[in-house]
$ cat run.cif   # mmCIF, C-alpha atoms
data_data
#
loop_
_atom_site.label_atom_id
_atom_site.label_comp_id
_atom_site.auth_asym_id
_atom_site.auth_seq_id
_atom_site.Cartn_x
_atom_site.Cartn_y
_atom_site.Cartn_z
CA MET C 6 0.00 0.00 0.00
CA ALA C 7 2.86 2.38 0.78
CA ALA C 8 4.33 1.86 -2.68
CA PHE C 9 1.05 2.91 -4.26
CA VAL C 10 0.97 6.11 -2.19
CA TYR C 11 4.59 6.96 -3.06
CA VAL C 12 3.98 6.51 -6.78
CA LEU C 13 0.71 8.43 -6.59
CA CYS C 14 2.47 11.36 -4.90
CA ALA C 15 5.12 11.42 -7.63
CA LEU C 16 2.50 11.36 -10.36
CA THR C 17 0.50 14.09 -8.65
CA SER C 18 3.57 16.32 -8.47
CA ILE C 19 4.26 15.75 -12.16
CA VAL C 20 0.68 16.62 -13.10
CA CYS C 21 0.76 19.75 -10.93
CA ALA C 22 4.02 20.87 -12.54
CA TRP C 23 2.58 20.30 -16.00
CA LEU C 24 -0.63 22.22 -15.19
CA LEU C 25 1.29 25.10 -13.65
CA PHE C 26 3.62 25.35 -16.65
CA ARG C 27 0.66 25.20 -19.02
CA GLY C 28 -0.93 28.06 -17.09
CA TYR C 29 2.31 29.99 -17.28
CA ARG C 30 2.45 29.62 -21.07
CA VAL C 31 -1.03 31.11 -21.35
CA SER C 32 -0.79 33.99 -18.87
CA ARG C 33 2.99 34.58 -18.56
CA THR C 34 2.58 35.09 -14.80
CA GLN C 35 6.00 34.65 -13.22
CA LEU C 36 4.65 33.03 -10.07
CA LEU C 37 3.26 30.17 -12.16
CA PHE C 38 6.69 29.68 -13.71
CA TRP C 39 8.48 29.50 -10.35
CA SER C 40 5.76 27.26 -8.93
CA SER C 41 6.09 24.87 -11.87
CA LEU C 42 9.85 24.68 -11.35
CA CYS C 43 9.26 23.98 -7.66
CA PHE C 44 6.86 21.16 -8.45
CA ILE C 45 9.33 19.68 -10.94
CA GLY C 46 11.82 19.54 -8.10
CA LEU C 47 9.24 18.05 -5.76
CA ALA C 48 8.35 15.45 -8.39
CA LEU C 49 12.03 14.56 -8.63
CA ASN C 50 12.11 14.33 -4.85
CA ASN C 51 9.13 11.96 -4.86
CA ALA C 52 10.69 9.88 -7.62
CA LEU C 53 13.87 9.60 -5.56
CA LEU C 54 11.74 8.51 -2.61
CA VAL C 55 10.28 5.70 -4.70
CA VAL C 56 13.75 4.66 -5.83
CA ASP C 57 15.17 4.90 -2.31
CA LEU C 58 12.48 2.99 -0.46
CA LEU C 59 11.20 0.57 -3.08
CA LEU C 60 13.72 -0.12 -5.84
CA VAL C 61 17.02 -0.05 -3.95
CA PRO C 62 16.19 -0.33 -0.25
CA ASN C 63 19.82 -0.99 0.69
CA ALA C 64 20.99 2.38 -0.64
CA ASP C 65 20.56 5.53 1.40
CA LEU C 66 19.41 8.44 -0.75
CA PHE C 67 18.26 10.58 2.17
CA LEU C 68 20.81 13.33 1.58
CA LEU C 69 20.04 13.51 -2.14
CA ARG C 70 16.30 13.62 -1.45
CA THR C 71 16.76 16.38 1.12
CA VAL C 72 18.94 18.47 -1.20
CA THR C 73 16.38 18.06 -3.99
CA ALA C 74 13.53 19.21 -1.75
CA LEU C 75 15.58 22.15 -0.48
CA ALA C 76 16.43 23.19 -4.04
CA ALA C 77 12.79 22.97 -5.11
CA VAL C 78 11.56 25.12 -2.24
CA SER C 79 14.48 27.54 -2.69
CA VAL C 80 13.48 28.09 -6.32
CA LEU C 81 9.96 28.99 -5.25
CA LEU C 82 11.27 31.23 -2.47
CA TYR C 83 13.52 33.03 -4.95
CA GLY C 84 10.55 33.58 -7.25
CA LEU C 85 8.42 34.91 -4.41
CA ILE C 86 11.07 37.35 -3.16
CA TRP C 87 12.73 38.69 -6.30
CA ASP C 88 10.06 38.23 -8.96
CA GLY C 89 7.08 38.97 -6.75
CA PRO C 90 4.69 41.86 -7.32
#

$ encode --input "run.cif" --output "C-alpha cells"
Amino acid sequence: MAAFVYVLCALTSIVCAWLLFRGYRVSRTQLLFWSSLCFIGLALNNALLVVDLLLVPNADLFLLRTVTALAAVSVLLYGLIWDGP
C-alpha cells in the first residue's frame, strides 16, 4: 500500500508541474513559472523517494532527497522574493 501512495504522490507532483507550466504559457505570470519549477523539483524528490524505499532499499538516498527538496523550495522562495509583485 505504501508503494502505491509513493507513486501516486510522484504522479500528482508531475501533473501539478505540467498544469502550472501550461498556465504559465497562457498567462505569462512569473509566479506560475516558479511554482512549476518547484513542483518539478518536488516530483524529482518523490521519484527519488520511490527509488530509495522501493527499488534499492539498501541504498541511502536521504541526503540527495533532502537536497532536492531544499532546491525545489528555494526556487519557489527566490521567485516569491525577487520576482514577486

$ atom_distance --input "run.cif" --atom1 "atom CA of Thr34 of chain C" --atom2 "atom CA of Ile19 of chain C"
19.6 Å

$ resolve_selection --input "run.cif" --expression "the PyMOL selection byres ((chain C and resi 55) around 12)" --output "compact mmCIF listing (two decimals) with C-alpha atoms, keeping the file's coordinate frame"
# COMPACT_ATOMS: atom_id res chain seq x y z
CA ALA C 7 2.86 2.38 0.78
CA ALA C 8 4.33 1.86 -2.68
CA PHE C 9 1.05 2.91 -4.26
CA VAL C 10 0.97 6.11 -2.19
CA TYR C 11 4.59 6.96 -3.06
CA VAL C 12 3.98 6.51 -6.78
CA LEU C 13 0.71 8.43 -6.59
CA CYS C 14 2.47 11.36 -4.90
CA ALA C 15 5.12 11.42 -7.63
CA LEU C 16 2.50 11.36 -10.36
CA ALA C 48 8.35 15.45 -8.39
CA LEU C 49 12.03 14.56 -8.63
CA ASN C 50 12.11 14.33 -4.85
CA ASN C 51 9.13 11.96 -4.86
CA ALA C 52 10.69 9.88 -7.62
CA LEU C 53 13.87 9.60 -5.56
CA LEU C 54 11.74 8.51 -2.61
CA VAL C 56 13.75 4.66 -5.83
CA ASP C 57 15.17 4.90 -2.31
CA LEU C 58 12.48 2.99 -0.46
CA LEU C 59 11.20 0.57 -3.08
CA LEU C 60 13.72 -0.12 -5.84
CA VAL C 61 17.02 -0.05 -3.95
CA PRO C 62 16.19 -0.33 -0.25
CA ALA C 64 20.99 2.38 -0.64
CA ASP C 65 20.56 5.53 1.40
CA LEU C 66 19.41 8.44 -0.75
CA PHE C 67 18.26 10.58 2.17
CA ARG C 70 16.30 13.62 -1.45

$ closest_residue --input "run.cif" --among "C:Leu85, C:Thr73, C:Ser41, C:Val78" --to "Ala22 of chain C" --atoms "all atoms listed in the file"
C:Ser41

$ closest_residue --input "run.cif" --among "C:Ile86, C:Gly46, C:Leu36, C:Leu24" --to "Leu69 of chain C" --atoms "all atoms listed in the file"
C:Gly46

$ axis_aligned_box --input "run.cif" --around "segment 8-19 of chain C" --padding-each-side "5 Å" --output "AutoDock Vina command-line options"
--center_x 2.8 --center_y 9.1 --center_z -7.2 --size_x 14.6 --size_y 24.5 --size_z 20.0

$ atom_distance --input "run.cif" --atom1 "atom CA of Leu42 of chain C" --atom2 "atom CA of Met6 of chain C"
28.9 Å

$ residues_around --input "run.cif" --residues "Asp88 of chain C" --least-positions-apart "4" --cutoff "12 Å" --atoms "all atoms listed in the file" --output "number ranges by chain"
C: 34-40, 80-84

$ write_last_selection --input "run.cif" --atoms "C-alpha atoms" --output "PDB file, in the frame of the given file"
ATOM      1  CA  THR C  34       2.580  35.090 -14.800  1.00  0.00           C
ATOM      2  CA  GLN C  35       6.000  34.650 -13.220  1.00  0.00           C
ATOM      3  CA  LEU C  36       4.650  33.030 -10.070  1.00  0.00           C
ATOM      4  CA  LEU C  37       3.260  30.170 -12.160  1.00  0.00           C
ATOM      5  CA  PHE C  38       6.690  29.680 -13.710  1.00  0.00           C
ATOM      6  CA  TRP C  39       8.480  29.500 -10.350  1.00  0.00           C
ATOM      7  CA  SER C  40       5.760  27.260  -8.930  1.00  0.00           C
ATOM      8  CA  VAL C  80      13.480  28.090  -6.320  1.00  0.00           C
ATOM      9  CA  LEU C  81       9.960  28.990  -5.250  1.00  0.00           C
ATOM     10  CA  LEU C  82      11.270  31.230  -2.470  1.00  0.00           C
ATOM     11  CA  TYR C  83      13.520  33.030  -4.950  1.00  0.00           C
ATOM     12  CA  GLY C  84      10.550  33.580  -7.250  1.00  0.00           C
TER      13      GLY C  84
END

$ atom_distance --input "run.cif" --atom1 "atom CA of Arg33 of chain C" --atom2 "atom CA of Cys21 of chain C"
16.8 Å

$ decode --input "run.cif" --residues "segment 45-59 of chain C" --atoms "N, CA, C and O atoms" --output "mmCIF file, in the first residue's frame"
data_model
loop_
_atom_site.group_PDB
_atom_site.id
_atom_site.type_symbol
_atom_site.label_atom_id
_atom_site.label_comp_id
_atom_site.auth_asym_id
_atom_site.auth_seq_id
_atom_site.Cartn_x
_atom_site.Cartn_y
_atom_site.Cartn_z
ATOM 1 N N ILE C 45 8.431 20.599 -10.236
ATOM 2 C CA ILE C 45 9.327 19.679 -10.940
ATOM 3 C C ILE C 45 10.351 19.124 -9.954
ATOM 4 O O ILE C 45 10.637 17.924 -9.934
ATOM 5 N N GLY C 46 10.887 19.996 -9.119
ATOM 6 C CA GLY C 46 11.821 19.541 -8.095
ATOM 7 C C GLY C 46 11.174 18.614 -7.085
ATOM 8 O O GLY C 46 11.772 17.621 -6.659
ATOM 9 N N LEU C 47 9.945 18.919 -6.702
ATOM 10 C CA LEU C 47 9.239 18.046 -5.761
ATOM 11 C C LEU C 47 8.888 16.706 -6.393
ATOM 12 O O LEU C 47 8.899 15.671 -5.719
ATOM 13 N N ALA C 48 8.593 16.718 -7.692
ATOM 14 C CA ALA C 48 8.347 15.453 -8.387
ATOM 15 C C ALA C 48 9.621 14.616 -8.434
ATOM 16 O O ALA C 48 9.577 13.390 -8.237
ATOM 17 N N LEU C 49 10.753 15.269 -8.661
ATOM 18 C CA LEU C 49 12.030 14.560 -8.631
ATOM 19 C C LEU C 49 12.289 14.005 -7.232
ATOM 20 O O LEU C 49 12.760 12.878 -7.079
ATOM 21 N N ASN C 50 11.965 14.781 -6.219
ATOM 22 C CA ASN C 50 12.113 14.331 -4.846
ATOM 23 C C ASN C 50 11.249 13.097 -4.580
ATOM 24 O O ASN C 50 11.703 12.124 -3.968
ATOM 25 N N ASN C 51 10.008 13.113 -5.044
ATOM 26 C CA ASN C 51 9.127 11.965 -4.857
ATOM 27 C C ASN C 51 9.611 10.751 -5.653
ATOM 28 O O ASN C 51 9.495 9.613 -5.190
ATOM 29 N N ALA C 52 10.150 10.992 -6.837
ATOM 30 C CA ALA C 52 10.694 9.879 -7.620
ATOM 31 C C ALA C 52 11.906 9.259 -6.915
ATOM 32 O O ALA C 52 12.064 8.038 -6.885
ATOM 33 N N LEU C 53 12.734 10.106 -6.327
ATOM 34 C CA LEU C 53 13.867 9.595 -5.562
ATOM 35 C C LEU C 53 13.406 8.822 -4.330
ATOM 36 O O LEU C 53 14.044 7.850 -3.924
ATOM 37 N N LEU C 54 12.306 9.239 -3.743
ATOM 38 C CA LEU C 54 11.742 8.508 -2.606
ATOM 39 C C LEU C 54 11.318 7.107 -3.026
ATOM 40 O O LEU C 54 11.590 6.127 -2.322
ATOM 41 N N VAL C 55 10.683 7.006 -4.184
ATOM 42 C CA VAL C 55 10.275 5.696 -4.696
ATOM 43 C C VAL C 55 11.504 4.832 -4.946
ATOM 44 O O VAL C 55 11.537 3.656 -4.563
ATOM 45 N N VAL C 56 12.525 5.406 -5.564
ATOM 46 C CA VAL C 56 13.751 4.655 -5.830
ATOM 47 C C VAL C 56 14.417 4.245 -4.518
ATOM 48 O O VAL C 56 14.853 3.099 -4.361
ATOM 49 N N ASP C 57 14.475 5.164 -3.575
ATOM 50 C CA ASP C 57 15.166 4.905 -2.314
ATOM 51 C C ASP C 57 14.472 3.817 -1.490
ATOM 52 O O ASP C 57 15.128 2.902 -0.996
ATOM 53 N N LEU C 58 13.179 3.901 -1.359
ATOM 54 C CA LEU C 58 12.476 2.986 -0.462
ATOM 55 C C LEU C 58 12.005 1.698 -1.126
ATOM 56 O O LEU C 58 11.871 0.679 -0.452
ATOM 57 N N LEU C 59 11.784 1.740 -2.439
ATOM 58 C CA LEU C 59 11.200 0.567 -3.081
ATOM 59 C C LEU C 59 12.156 -0.174 -4.009
ATOM 60 O O LEU C 59 12.220 -1.399 -3.981
#
